[in-house]
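Everything below belongs to my_file27.cif, which stores mmCIF, C-alpha atoms and all ligand atoms.
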```cif
data_start
#
loop_
_atom_site.label_atom_id
_atom_site.label_comp_id
_atom_site.auth_asym_id
_atom_site.auth_seq_id
_atom_site.Cartn_x
_atom_site.Cartn_y
_atom_site.Cartn_z
CA MET B 1406 129.00 58.30 2.17
CA SER B 1407 127.75 55.48 4.40
CA LYS B 1408 129.49 52.11 4.62
CA HIS B 1409 127.90 48.79 3.95
CA PRO B 1410 127.91 47.19 7.41
CA ALA B 1411 129.21 43.78 6.32
CA SER B 1412 131.64 44.60 3.53
CA GLY B 1413 132.84 48.03 4.62
CA ARG B 1414 132.37 49.14 1.02
CA PRO B 1415 130.68 52.48 0.39
CA THR B 1416 126.97 52.13 -0.33
CA LEU B 1417 124.94 54.15 -2.79
CA PRO B 1418 123.96 57.56 -1.43
CA VAL B 1419 120.49 58.06 0.01
CA ALA B 1420 118.46 61.29 0.16
CA GLY B 1421 120.40 64.06 1.84
CA GLU B 1422 123.79 62.43 1.20
CA ASP B 1423 123.61 62.71 -2.55
CA HIS B 1424 125.72 65.06 -4.64
CA ALA B 1425 123.46 64.48 -7.60
CA ARG B 1426 120.15 62.78 -8.11
CA LEU B 1427 118.04 61.26 -10.82
CA THR B 1428 114.30 61.32 -10.46
CA ILE B 1429 112.67 58.73 -12.68
CA ASP B 1430 108.96 59.21 -13.24
CA LEU B 1431 107.52 55.75 -13.82
CA SER B 1432 104.03 57.16 -14.50
CA ALA B 1433 105.45 59.17 -17.38
CA LEU B 1434 107.25 56.04 -18.58
CA ALA B 1435 103.97 54.07 -18.60
CA ASP B 1436 102.13 56.97 -20.28
CA ASN B 1437 104.80 57.15 -22.98
CA TRP B 1438 104.46 53.42 -23.68
CA ARG B 1439 100.67 53.75 -23.94
CA ALA B 1440 101.09 56.74 -26.26
CA MET B 1441 103.38 54.72 -28.55
CA ALA B 1442 100.94 51.78 -28.41
CA ARG B 1443 98.14 54.10 -29.54
CA ARG B 1444 100.28 55.44 -32.38
CA SER B 1445 101.15 51.88 -33.38
CA GLY B 1446 97.48 51.28 -34.25
CA ALA B 1447 96.76 47.62 -34.94
CA ALA B 1448 100.39 46.56 -34.44
CA ARG B 1449 101.63 45.15 -31.12
CA THR B 1450 104.04 47.43 -29.28
CA ALA B 1451 107.25 46.16 -27.72
CA ALA B 1452 109.63 48.03 -25.41
CA VAL B 1453 113.38 48.26 -26.00
CA LEU B 1454 115.31 47.71 -22.76
CA LYS B 1455 118.93 47.60 -23.91
CA ALA B 1456 121.72 49.36 -22.02
CA ASP B 1457 119.99 49.18 -18.62
CA ALA B 1458 116.79 50.56 -20.17
CA TYR B 1459 118.60 53.54 -21.69
CA GLY B 1460 120.31 54.19 -18.37
CA ILE B 1461 117.20 54.47 -16.19
CA GLY B 1462 117.33 50.99 -14.60
CA LEU B 1463 116.31 47.75 -16.25
CA GLU B 1464 114.09 46.19 -13.61
CA PRO B 1465 111.81 49.14 -12.75
CA ALA B 1466 111.47 49.94 -16.46
CA ALA B 1467 110.67 46.34 -17.44
CA LYS B 1468 108.04 45.99 -14.71
CA THR B 1469 106.45 49.34 -15.56
CA PHE B 1470 106.09 48.48 -19.27
CA HIS B 1471 104.74 45.04 -18.43
CA GLN B 1472 102.17 46.54 -16.09
CA ALA B 1473 101.17 48.98 -18.84
CA GLY B 1474 100.57 46.04 -21.19
CA ALA B 1475 103.86 45.28 -23.00
CA ARG B 1476 104.69 41.61 -23.54
CA ASP B 1477 107.53 41.89 -26.09
CA PHE B 1478 110.97 43.20 -25.09
CA PHE B 1479 114.18 43.82 -27.01
CA VAL B 1480 117.67 43.80 -25.51
CA ALA B 1481 121.12 43.99 -27.06
CA THR B 1482 122.87 41.07 -25.38
CA PRO B 1483 121.94 37.66 -23.92
CA ALA B 1484 123.11 38.81 -20.46
CA GLU B 1485 120.61 41.69 -20.63
CA GLY B 1486 117.99 39.16 -21.72
CA ALA B 1487 118.70 37.00 -18.68
CA ALA B 1488 118.19 40.03 -16.44
CA VAL B 1489 114.83 40.82 -18.08
CA ARG B 1490 113.77 37.17 -17.70
CA THR B 1491 114.43 37.37 -13.96
CA ALA B 1492 112.14 40.42 -13.72
CA LEU B 1493 109.47 39.17 -16.14
CA PRO B 1494 108.82 35.42 -16.18
CA ASP B 1495 106.18 35.57 -18.95
CA ALA B 1496 107.69 38.05 -21.43
CA ARG B 1497 108.94 37.40 -24.98
CA ILE B 1498 112.53 38.58 -25.00
CA TYR B 1499 114.41 39.16 -28.26
CA VAL B 1500 118.21 39.53 -28.32
CA LEU B 1501 119.27 41.93 -31.08
CA SER B 1502 122.92 40.86 -31.29
CA GLY B 1503 121.80 37.32 -32.08
CA MET B 1504 123.41 34.02 -31.14
CA TRP B 1505 127.14 33.53 -31.41
CA ALA B 1506 129.07 30.35 -30.77
CA GLY B 1507 129.65 29.97 -27.05
CA ALA B 1508 126.56 31.90 -25.90
CA GLU B 1509 123.94 29.29 -26.89
CA ARG B 1510 123.27 28.09 -23.32
CA LEU B 1511 121.79 31.44 -22.23
CA PHE B 1512 119.08 31.30 -24.89
CA PHE B 1513 117.85 27.91 -23.71
CA GLU B 1514 118.22 28.60 -20.01
CA PHE B 1515 116.47 31.98 -20.04
CA ASP B 1516 114.08 31.35 -22.91
CA LEU B 1517 115.46 34.12 -25.14
CA VAL B 1518 114.74 34.59 -28.84
CA PRO B 1519 117.88 35.30 -30.87
CA VAL B 1520 117.63 37.78 -33.73
CA ILE B 1521 119.86 36.07 -36.31
CA VAL B 1522 122.01 38.69 -38.03
CA SER B 1523 124.22 36.76 -40.48
CA GLU B 1524 124.73 33.51 -42.41
CA GLU B 1525 127.34 32.50 -39.80
CA GLN B 1526 124.85 32.96 -36.98
CA LEU B 1527 122.33 30.93 -38.94
CA VAL B 1528 124.77 28.01 -38.87
CA VAL B 1529 125.37 28.48 -35.12
CA PHE B 1530 121.62 28.57 -34.52
CA MET B 1531 120.90 25.45 -36.62
CA SER B 1532 123.50 23.43 -34.77
CA ALA B 1533 122.28 24.77 -31.40
CA ILE B 1534 118.72 23.60 -32.07
CA ALA B 1535 119.97 20.26 -33.41
CA ASP B 1536 121.70 19.73 -30.06
CA GLY B 1537 119.45 21.55 -27.64
CA GLY B 1538 115.92 21.32 -29.08
CA ASP B 1539 113.76 23.68 -31.03
CA ILE B 1540 113.61 27.33 -29.98
CA PRO B 1541 112.23 30.23 -32.04
CA CYS B 1542 114.33 32.83 -33.81
CA VAL B 1543 113.83 36.12 -35.63
CA LEU B 1544 115.70 36.92 -38.86
CA HIS B 1545 117.30 40.34 -39.32
CA VAL B 1546 117.38 41.65 -42.89
CA ASP B 1547 119.55 44.65 -43.67
CA THR B 1548 117.60 47.04 -45.89
CA GLY B 1549 119.85 50.09 -45.72
CA MET B 1550 121.91 50.34 -42.54
CA SER B 1551 124.91 48.24 -43.64
CA ARG B 1552 125.08 47.11 -40.05
CA LEU B 1553 123.49 43.84 -38.93
CA GLY B 1554 121.36 41.45 -40.98
CA LEU B 1555 121.28 39.36 -44.13
CA ARG B 1556 121.47 41.25 -47.38
CA VAL B 1557 118.09 41.54 -49.10
CA GLU B 1558 119.13 39.26 -52.00
CA ASP B 1559 120.40 36.61 -49.57
CA ALA B 1560 117.20 36.78 -47.56
CA LEU B 1561 115.15 36.41 -50.76
CA ALA B 1562 117.26 33.43 -51.80
CA LEU B 1563 116.75 31.87 -48.38
CA ALA B 1564 112.99 32.34 -48.63
CA ASP B 1565 112.96 30.55 -52.01
CA ASP B 1566 115.41 27.81 -51.03
CA ILE B 1567 113.38 24.63 -51.11
CA ALA B 1568 116.34 22.84 -49.52
CA ARG B 1569 115.97 25.16 -46.49
CA PRO B 1570 115.64 22.91 -43.47
CA ALA B 1571 112.06 22.79 -42.27
CA SER B 1572 113.37 23.49 -38.80
CA PHE B 1573 114.61 26.89 -39.92
CA SER B 1574 111.43 28.88 -39.77
CA PRO B 1575 111.88 32.31 -38.20
CA ILE B 1576 108.84 33.52 -36.30
CA MET B 1577 109.40 37.09 -37.47
CA LEU B 1578 111.46 39.24 -39.82
CA LEU B 1579 113.17 42.36 -38.53
CA SER B 1580 114.81 45.34 -40.18
CA HIS B 1581 115.99 48.70 -38.88
CA LEU B 1582 115.53 52.17 -40.38
CA ALA B 1583 118.56 54.40 -40.91
CA CYS B 1584 116.83 57.78 -41.31
CA ALA B 1585 113.46 57.55 -39.58
CA ASP B 1586 114.24 60.69 -37.57
CA GLU B 1587 114.15 62.57 -40.91
CA PRO B 1588 110.66 61.77 -42.20
CA SER B 1589 111.29 63.17 -45.70
CA HIS B 1590 114.48 61.16 -46.32
CA ALA B 1591 114.15 59.02 -49.46
CA LEU B 1592 115.80 56.03 -47.80
CA ASN B 1593 112.74 55.50 -45.56
CA ARG B 1594 110.51 54.56 -48.53
CA GLN B 1595 113.29 52.48 -50.11
CA GLN B 1596 113.84 50.47 -46.95
CA LEU B 1597 110.10 49.97 -46.62
CA GLN B 1598 109.88 48.59 -50.16
CA ARG B 1599 112.87 46.28 -49.73
CA PHE B 1600 111.51 44.99 -46.44
CA ARG B 1601 108.07 44.38 -47.95
CA SER B 1602 109.59 42.33 -50.75
CA VAL B 1603 111.32 40.03 -48.24
CA VAL B 1604 108.25 39.78 -45.99
CA SER B 1605 106.09 38.73 -48.93
CA ALA B 1606 108.70 36.19 -50.09
CA PHE B 1607 108.51 34.53 -46.67
CA GLY B 1608 104.74 34.34 -46.93
CA ASP B 1609 102.47 34.98 -44.02
CA ILE B 1610 105.08 36.00 -41.46
CA ASP B 1611 105.20 38.52 -38.62
CA ALA B 1612 107.45 41.51 -39.21
CA THR B 1613 108.92 44.46 -37.32
CA LEU B 1614 110.53 47.57 -38.78
CA ALA B 1615 109.74 50.69 -36.76
CA ASN B 1616 111.79 52.11 -33.90
CA SER B 1617 110.37 55.19 -32.12
CA ALA B 1618 110.85 57.49 -35.09
CA GLY B 1619 109.56 54.81 -37.46
CA ILE B 1620 106.27 54.70 -35.55
CA PHE B 1621 105.79 58.40 -36.38
CA LEU B 1622 106.26 57.64 -40.12
CA GLY B 1623 102.79 56.12 -40.13
CA GLU B 1624 100.89 52.89 -40.51
CA ASP B 1625 102.86 51.56 -43.52
CA TYR B 1626 105.85 51.17 -41.25
CA HIS B 1627 104.13 49.42 -38.35
CA PHE B 1628 103.80 45.80 -39.60
CA THR B 1629 103.07 43.32 -36.76
CA LEU B 1630 105.18 44.74 -33.97
CA THR B 1631 106.78 48.13 -33.27
CA ARG B 1632 110.01 48.60 -31.27
CA PRO B 1633 110.08 51.98 -29.51
CA GLY B 1634 113.03 52.87 -27.29
CA ILE B 1635 114.01 56.50 -26.91
CA ALA B 1636 110.45 57.89 -27.07
CA LEU B 1637 109.47 55.75 -24.08
CA TYR B 1638 112.24 57.37 -22.07
CA GLY B 1639 111.08 60.86 -23.00
CA GLY B 1640 113.57 61.47 -25.82
CA ALA B 1641 112.85 63.32 -29.03
CA ALA B 1642 112.44 60.70 -31.75
CA VAL B 1643 111.86 62.98 -34.73
CA ASN B 1644 114.05 65.95 -35.65
CA GLY B 1645 112.64 69.42 -36.15
CA VAL B 1646 109.24 68.94 -34.49
CA PRO B 1647 108.21 69.53 -30.87
CA ASN B 1648 108.82 66.48 -28.69
CA PRO B 1649 105.40 65.05 -27.75
CA MET B 1650 106.70 62.65 -25.08
CA LYS B 1651 106.61 63.23 -21.32
CA PRO B 1652 109.99 63.74 -19.65
CA VAL B 1653 110.93 60.64 -17.64
CA VAL B 1654 114.36 61.41 -16.24
CA THR B 1655 115.29 64.55 -14.31
CA ALA B 1656 118.98 64.93 -13.42
CA GLU B 1657 120.00 67.45 -10.76
CA ALA B 1658 123.27 68.40 -9.09
CA ARG B 1659 123.94 70.04 -5.78
CA ILE B 1660 125.70 73.41 -5.51
CA LEU B 1661 128.77 73.00 -3.29
CA GLN B 1662 129.99 76.58 -3.28
CA VAL B 1663 128.99 80.01 -4.60
CA ARG B 1664 131.80 82.46 -5.29
CA ASP B 1665 132.46 85.84 -6.83
CA VAL B 1666 134.94 86.14 -9.67
CA LYS B 1667 136.16 89.62 -10.60
CA ALA B 1668 136.19 90.94 -14.15
CA GLY B 1669 139.50 89.86 -15.71
CA GLU B 1670 139.86 86.71 -13.58
CA SER B 1671 139.60 83.30 -15.19
CA VAL B 1672 137.40 80.31 -14.51
CA GLY B 1673 138.48 76.68 -14.48
CA TYR B 1674 140.95 74.52 -16.42
CA GLY B 1675 142.90 76.11 -19.19
CA ALA B 1676 141.71 79.52 -17.99
CA ALA B 1677 139.38 78.95 -20.93
CA VAL B 1678 137.00 81.73 -19.84
CA VAL B 1679 138.18 85.12 -18.64
CA CYS B 1680 135.24 86.95 -17.07
CA ALA B 1681 134.20 90.09 -18.93
CA ARG B 1682 132.24 91.32 -15.92
CA ASP B 1683 132.13 90.65 -12.19
CA THR B 1684 130.62 87.19 -12.17
CA ARG B 1685 128.98 85.01 -9.55
CA VAL B 1686 129.53 81.34 -10.14
CA ALA B 1687 127.95 78.28 -8.55
CA ILE B 1688 130.13 75.19 -8.44
CA ALA B 1689 127.91 72.13 -8.87
CA ALA B 1690 128.84 68.57 -7.97
CA ILE B 1691 128.51 67.13 -11.45
CA GLY B 1692 131.00 66.30 -14.17
CA TYR B 1693 131.84 64.10 -17.08
CA ALA B 1694 132.20 61.07 -14.78
CA ASP B 1695 128.43 61.45 -14.30
CA GLY B 1696 127.75 61.71 -18.00
CA TYR B 1697 127.63 65.50 -17.91
CA MET B 1698 129.93 65.50 -20.87
CA ARG B 1699 133.04 67.57 -21.34
CA SER B 1700 131.53 68.75 -24.60
CA LEU B 1701 128.95 70.58 -22.42
CA SER B 1702 131.66 73.14 -21.62
CA SER B 1703 130.48 76.68 -22.21
CA ALA B 1704 129.99 78.41 -25.54
CA GLY B 1705 133.18 79.64 -27.18
CA ILE B 1706 135.35 76.83 -25.81
CA PRO B 1707 137.04 74.89 -28.59
CA LEU B 1708 135.99 71.50 -27.17
CA ARG B 1709 132.61 72.10 -28.69
CA ARG B 1710 131.33 72.37 -32.20
CA THR B 1711 131.37 76.08 -32.93
CA GLY B 1712 128.21 78.02 -33.55
CA LEU B 1713 126.11 76.12 -31.04
CA ALA B 1714 124.52 77.92 -28.13
CA GLY B 1715 126.10 76.95 -24.83
CA PRO B 1716 124.32 74.62 -22.43
CA SER B 1717 122.42 75.82 -19.38
CA GLY B 1718 121.06 74.26 -16.24
CA MET B 1719 117.82 75.38 -14.60
CA LEU B 1720 117.86 76.92 -11.11
CA HIS B 1721 114.71 78.07 -9.30
CA GLY B 1722 112.98 78.31 -12.68
CA ARG B 1723 115.67 80.30 -14.50
CA PRO B 1724 118.32 79.12 -16.96
CA VAL B 1725 121.91 79.32 -15.69
CA PRO B 1726 124.63 78.90 -18.34
CA VAL B 1727 127.62 76.61 -17.93
CA ILE B 1728 130.80 78.69 -17.72
CA GLY B 1729 134.25 77.23 -18.47
CA ARG B 1730 135.17 73.60 -18.91
CA VAL B 1731 133.20 70.74 -17.44
CA THR B 1732 135.57 68.68 -15.25
CA MET B 1733 135.38 65.13 -13.92
CA ASP B 1734 133.32 65.92 -10.79
CA LEU B 1735 132.54 69.64 -10.93
CA THR B 1736 130.97 72.19 -13.26
CA HIS B 1737 130.74 76.00 -13.00
CA PHE B 1738 127.40 77.70 -13.69
CA ASP B 1739 127.04 81.47 -14.16
CA VAL B 1740 124.45 82.67 -11.63
CA THR B 1741 125.24 86.41 -11.87
CA ASP B 1742 121.76 87.21 -13.18
CA MET B 1743 119.91 85.33 -10.44
CA PRO B 1744 118.08 87.47 -7.86
CA ALA B 1745 120.31 88.48 -4.96
CA GLY B 1746 120.41 85.91 -2.18
CA SER B 1747 118.54 83.26 -4.20
CA VAL B 1748 121.48 80.91 -4.79
CA ARG B 1749 122.81 78.91 -1.85
CA PRO B 1750 125.14 75.98 -1.36
CA GLY B 1751 122.99 72.85 -1.12
CA ASP B 1752 120.51 74.03 -3.79
CA PHE B 1753 120.06 71.72 -6.78
CA ILE B 1754 120.55 72.77 -10.39
CA GLU B 1755 118.48 70.80 -12.91
CA LEU B 1756 120.77 69.55 -15.67
CA PHE B 1757 117.95 68.20 -17.83
CA GLY B 1758 114.45 66.85 -17.31
CA ARG B 1759 111.14 68.42 -16.37
CA THR B 1760 112.08 72.03 -17.09
CA MET B 1761 115.26 71.75 -19.21
CA PRO B 1762 114.52 69.59 -22.28
CA ILE B 1763 116.97 66.70 -22.63
CA GLU B 1764 117.16 67.11 -26.40
CA ASP B 1765 118.33 70.73 -25.99
CA VAL B 1766 121.12 69.69 -23.63
CA ALA B 1767 122.13 66.84 -25.94
CA ARG B 1768 122.25 69.23 -28.89
CA ALA B 1769 124.44 71.64 -26.94
CA ALA B 1770 126.82 68.74 -26.26
CA GLY B 1771 126.97 67.88 -29.97
CA THR B 1772 125.25 64.56 -29.32
CA VAL B 1773 121.83 62.93 -28.98
CA ASP B 1774 119.65 62.26 -25.95
CA TYR B 1775 120.37 58.52 -26.33
CA GLU B 1776 124.03 59.10 -25.46
CA LEU B 1777 123.24 61.48 -22.61
CA LEU B 1778 120.93 58.92 -20.97
CA THR B 1779 123.18 55.90 -21.43
CA SER B 1780 126.24 57.78 -20.06
CA LEU B 1781 124.79 58.74 -16.68
CA GLY B 1782 126.97 56.47 -14.58
CA ASN B 1783 126.29 55.25 -11.07
CA ARG B 1784 127.05 58.12 -8.70
CA TYR B 1785 123.52 59.49 -8.62
CA GLU B 1786 120.96 58.86 -5.97
CA ARG B 1787 118.10 57.33 -7.95
CA ARG B 1788 114.53 58.03 -6.98
CA TYR B 1789 111.77 56.11 -8.68
CA GLU B 1790 108.37 57.78 -8.56
CA ALA B 1791 105.83 54.97 -8.57
CA VAL B 1792 103.04 54.64 -11.08
CA LYS B 1793 99.93 56.33 -9.71
CA LYS B 1794 97.15 53.84 -9.26
C1 LIG E 1 117.85 50.52 -30.25
C2 LIG E 1 116.99 49.88 -31.26
C3 LIG E 1 115.62 50.20 -31.34
C4 LIG E 1 115.00 51.34 -30.56
O1 LIG E 1 115.30 52.52 -31.23
P1 LIG E 1 114.80 53.97 -30.73
O2 LIG E 1 115.33 54.87 -31.76
O3 LIG E 1 115.44 54.17 -29.40
O4 LIG E 1 113.34 53.92 -30.64
C5 LIG E 1 114.83 49.49 -32.23
N1 LIG E 1 115.38 48.52 -33.02
C6 LIG E 1 116.69 48.20 -32.98
C7 LIG E 1 117.21 47.14 -33.88
C8 LIG E 1 117.55 48.88 -32.12
O5 LIG E 1 118.84 48.58 -32.10
#
```

Mind converting the file's structure to structure tokens?
Ligand SMILES: *Cc1c(COP(=O)(O)O)cnc(C)c1O
Amino acid sequence: MSKHPASGRPTLPVAGEDHARLTIDLSALADNWRAMARRSGAARTAAVLKADAYGIGLEPAAKTFHQAGARDFFVATPAEGAAVRTALPDARIYVLSGMWAGAERLFFEFDLVPVIVSEEQLVVFMSAIADGGDIPCVLHVDTGMSRLGLRVEDALALADDIARPASFSPIMLLSHLACADEPSHALNRQQLQRFRSVVSAFGDIDATLANSAGIFLGEDYHFTLTRPGIALYGGAAVNGVPNPMKPVVTAEARILQVRDVKAGESVGYGAAVVCARDTRVAIAAIGYADGYMRSLSSAGIPLRRTGLAGPSGMLHGRPVPVIGRVTMDLTHFDVTDMPAGSVRPGDFIELFGRTMPIEDVARAAGTVDYELLTSLGNRYERRYEAVKK
């Protein structure tokens, strides 16, 4: 690893030095946003940028969406909002965790729109605008998540409250779907109806309900603005149907060593796998510190939910199963069935991406693609493939 000349601290790896790399296809990212905008019909389409744009890098993602036509952006925290503001001077930036006492300054300084999530936050917001001047806000109504937002009855009471200060006029209502990834779940319709009742009580007001999966539920769910996240990043929004999005992130790890293990010998920590046949293994420079989770250990290891097929990487176009336990920095792959001489130290195994669907790897880990992406960590060399003009 090279040293930063001034500080002597290690710098991020560059091509050739990297043990693992992420290739981020910004054209696919832009295409995915346009695809969600088309599916959103007459509604405006935002982009959700929380958690470093689902792990892919906030600034390149923000600029790519903006160039594709997005003007509305959602983040989780005011600090994330400040970072988006630096990249995009003319965007509307909504902060989903709202405004809490002590964080008011950031909203004024970086022109951020708080999404008010509770009666307490409403009080904080009212006193902030009394002191600091009028800024817009969005009101979150909880219609079935039991997470953030005013209860439906409290939101209805607020809408009817003639004593409501004239200065409290949210520019938009927001709610979030609990089961949109299961289109036939009864809660989808119920949340829609509850949300509609609040929207109509507030009169002619903008509204936003649909995340990625919600967009696929159809026009009823689109309202004024849609809020896709995972689908933009190539994830599978809806369960049980083929993923229509283009893969954005490809993660690959370098093979450090190839070795032969005899039948009867064990592989890795806990001697969790004893080879039933003479086995050739490739040791790849990837582990749970890189977000290649320990629950991606091979089939039959009790770290994993039983009954699931084990995970595989992809090497020269063929799947290679993980064998043994994933460790902090290293993972064994079984390459016995690869053509003789085709596997060499220095080759890269694709962990997920263009040829190994991310949702399949997430499923094998007992998790979702959201967690896989946001756990990647910072040891990868990151390559951004520019949008083709
Ligand atoms: C994260 C988030 C989204 C985006 O959800 P996806 O499922 O990634 O499309 C939308 N709305 C809210 C409130 C969120 O927290």

Exercise. Could you check which of B:Leu1630, B:Gly1715, B:Asp1765, B:Tyr1789 is closest to Gly1645 (chain B), using all atoms listed in the file?
Key: B:Asp1765

Sorted per-residue table, chain B near ligand LIG 1 (chain E), closest atoms and distance, 6 Å, all atoms listed in the file, as CSV:
```
residue,atom,partner,partner_atom,distance
B:Val1453,CA,E:LIG1,C4,5.7
B:His1581,CA,E:LIG1,C7,5.4
B:Asn1616,CA,E:LIG1,O4,4.0
B:Ser1617,CA,E:LIG1,O4,3.6
B:Arg1632,CA,E:LIG1,C5,5.0
B:Pro1633,CA,E:LIG1,O4,4.0
B:Gly1634,CA,E:LIG1,O3,3.5
B:Ile1635,CA,E:LIG1,O3,3.7
```

Exercise. Quick one: pull the distance between CA of Ser1747 (chain B) and CA of Ala1668 (chain B), Å, one decimal.
Key: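 Result for CA of Ser1747 (chain B) versus CA of Ala1668 (chain B): 21.7 Å, one decimal.
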
Exercise. Between CA of Asp1742 (chain B) and CA of Val1663 (chain B), measure the distance and give it in Å to one decimal.
Key: 13.3 Å

Quiz prompt | Minimum-distance residue to Arg1552 (chain B), chosen among B:Ser1580, B:Ile1461, B:Asp1586, B:Val1725 (using all atoms listed in the file) | solution =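 Among the listed residues, the smallest separation from Arg1552 (chain B) belongs to B:Ser1580.
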
Practice problem: Would you mind reading off the distance between CA of Ala1769 (chain B) and CA of Arg1659 (chain B), one decimal, in Å? | Solution: 21.2 Å

Enumerate, in order of chain and increasing residue number, the residues of region 1552-1621 of chain B with an atom no farther than 9 Å from region 1518-1525 of chain B, each with its shortest atom pair and distance in Å to one decimal, counting all atoms listed in the file, as CSV.
```
residue,atom,partner,partner_atom,distance
B:Leu1553,CA,B:Val1522,CA,5.4
B:Gly1554,CA,B:Val1522,CA,4.1
B:Leu1555,CA,B:Ser1523,CA,5.4
B:Arg1556,CA,B:Ser1523,CA,8.7
B:Asp1559,CA,B:Glu1524,CA,8.9
B:Leu1578,CA,B:Val1520,CA,8.8
B:Leu1579,CA,B:Val1520,CA,8.0
```

Self-check item: Who sits within 8 Å of Ile1763 (chain B), all atoms listed in the file, same chain under 4 positions skipped, as a PyMOL selection string
Solution: chain B and resi 1640+1757-1758+1767+1774

Quiz item: What lies within 6 Å of region 1776-1782 of chain B using all atoms listed in the file, ignoring chain neighbours under 6 positions off, as a list of chain:residue names?
Solution: B:Tyr1459, B:Gly1460, B:Asp1695, B:Gly1696

Quiz item: Neighbours of Asp1752 (chain B) within 9 Å (only C-alpha atoms; same-chain residues fewer than 3 positions away dropped), as a list in words?
Solution: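 Everything that qualifies: Ala1658, Arg1659, Ile1660, Leu1661, Leu1720, His1721, Val1748 and Arg1749 of chain B.
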
Practice problem: Using all atoms listed in the file, determine which residues lie at most 12 Å from region 1491-1493 of chain B, disregarding the query and same-chain residues fewer than 2 positions distant; provide the list as number ranges by chain. | Solution: B: 1462-1472, 1475-1478, 1484-1489, 1495-1498, 1514-1517

Practice problem: Measuring atom to atom with all atoms listed in the file, identify which of B:Phe1753, B:Arg1664, B:Ala1681, B:Gly1692 is nearest to Thr1732 (chain B). | Solution: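 Closest to Thr1732 (chain B), using all atoms listed in the file: B:Gly1692.
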
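Residue nearest Gly1746 (chain B), chosen from B:Arg1685, B:Arg1449, B:Ser1700, B:Trp1438 and counting only C-alpha atoms: B:Arg1685.
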
Practice problem: List the neighbours of Arg1759 (chain B) out to 9 Å using only C-alpha atoms; skip same-chain residues closer than 3 positions along the sequence, and give me the result as a PyMOL selection string. | Solution: chain B and resi 1651-1655+1755+1762-1763

Place all heavy atoms on region 1604-1608 of chain B and deliver the coordinates as an mmCIF file, in the frame of the given file.
```cif
data_model
loop_
_atom_site.group_PDB
_atom_site.id
_atom_site.type_symbol
_atom_site.label_atom_id
_atom_site.label_comp_id
_atom_site.auth_asym_id
_atom_site.auth_seq_id
_atom_site.Cartn_x
_atom_site.Cartn_y
_atom_site.Cartn_z
ATOM 1 N N VAL B 1604 109.378 40.285 -46.796
ATOM 2 C CA VAL B 1604 108.250 39.780 -45.990
ATOM 3 C C VAL B 1604 107.306 38.975 -46.886
ATOM 4 O O VAL B 1604 106.865 37.878 -46.522
ATOM 5 C CB VAL B 1604 107.511 40.935 -45.283
ATOM 6 C CG1 VAL B 1604 106.234 40.429 -44.611
ATOM 7 C CG2 VAL B 1604 108.409 41.610 -44.255
ATOM 8 N N SER B 1605 107.037 39.473 -48.093
ATOM 9 C CA SER B 1605 106.090 38.730 -48.930
ATOM 10 C C SER B 1605 106.726 37.441 -49.450
ATOM 11 O O SER B 1605 106.027 36.436 -49.611
ATOM 12 C CB SER B 1605 105.489 39.595 -50.035
ATOM 13 O OG SER B 1605 106.474 39.912 -50.964
ATOM 14 N N ALA B 1606 108.042 37.437 -49.658
ATOM 15 C CA ALA B 1606 108.700 36.190 -50.090
ATOM 16 C C ALA B 1606 108.618 35.105 -49.023
ATOM 17 O O ALA B 1606 108.561 33.921 -49.336
ATOM 18 C CB ALA B 1606 110.163 36.462 -50.455
ATOM 19 N N PHE B 1607 108.614 35.513 -47.757
ATOM 20 C CA PHE B 1607 108.510 34.530 -46.670
ATOM 21 C C PHE B 1607 107.065 34.129 -46.390
ATOM 22 O O PHE B 1607 106.808 33.320 -45.499
ATOM 23 C CB PHE B 1607 109.167 35.052 -45.390
ATOM 24 C CG PHE B 1607 110.639 34.719 -45.288
ATOM 25 C CD1 PHE B 1607 111.590 35.547 -45.876
ATOM 26 C CD2 PHE B 1607 111.071 33.581 -44.623
ATOM 27 C CE1 PHE B 1607 112.946 35.242 -45.793
ATOM 28 C CE2 PHE B 1607 112.426 33.274 -44.523
ATOM 29 C CZ PHE B 1607 113.361 34.097 -45.116
ATOM 30 N N GLY B 1608 106.130 34.723 -47.123
ATOM 31 C CA GLY B 1608 104.740 34.340 -46.930
ATOM 32 C C GLY B 1608 104.134 35.047 -45.738
ATOM 33 O O GLY B 1608 104.518 36.163 -45.409
#
```
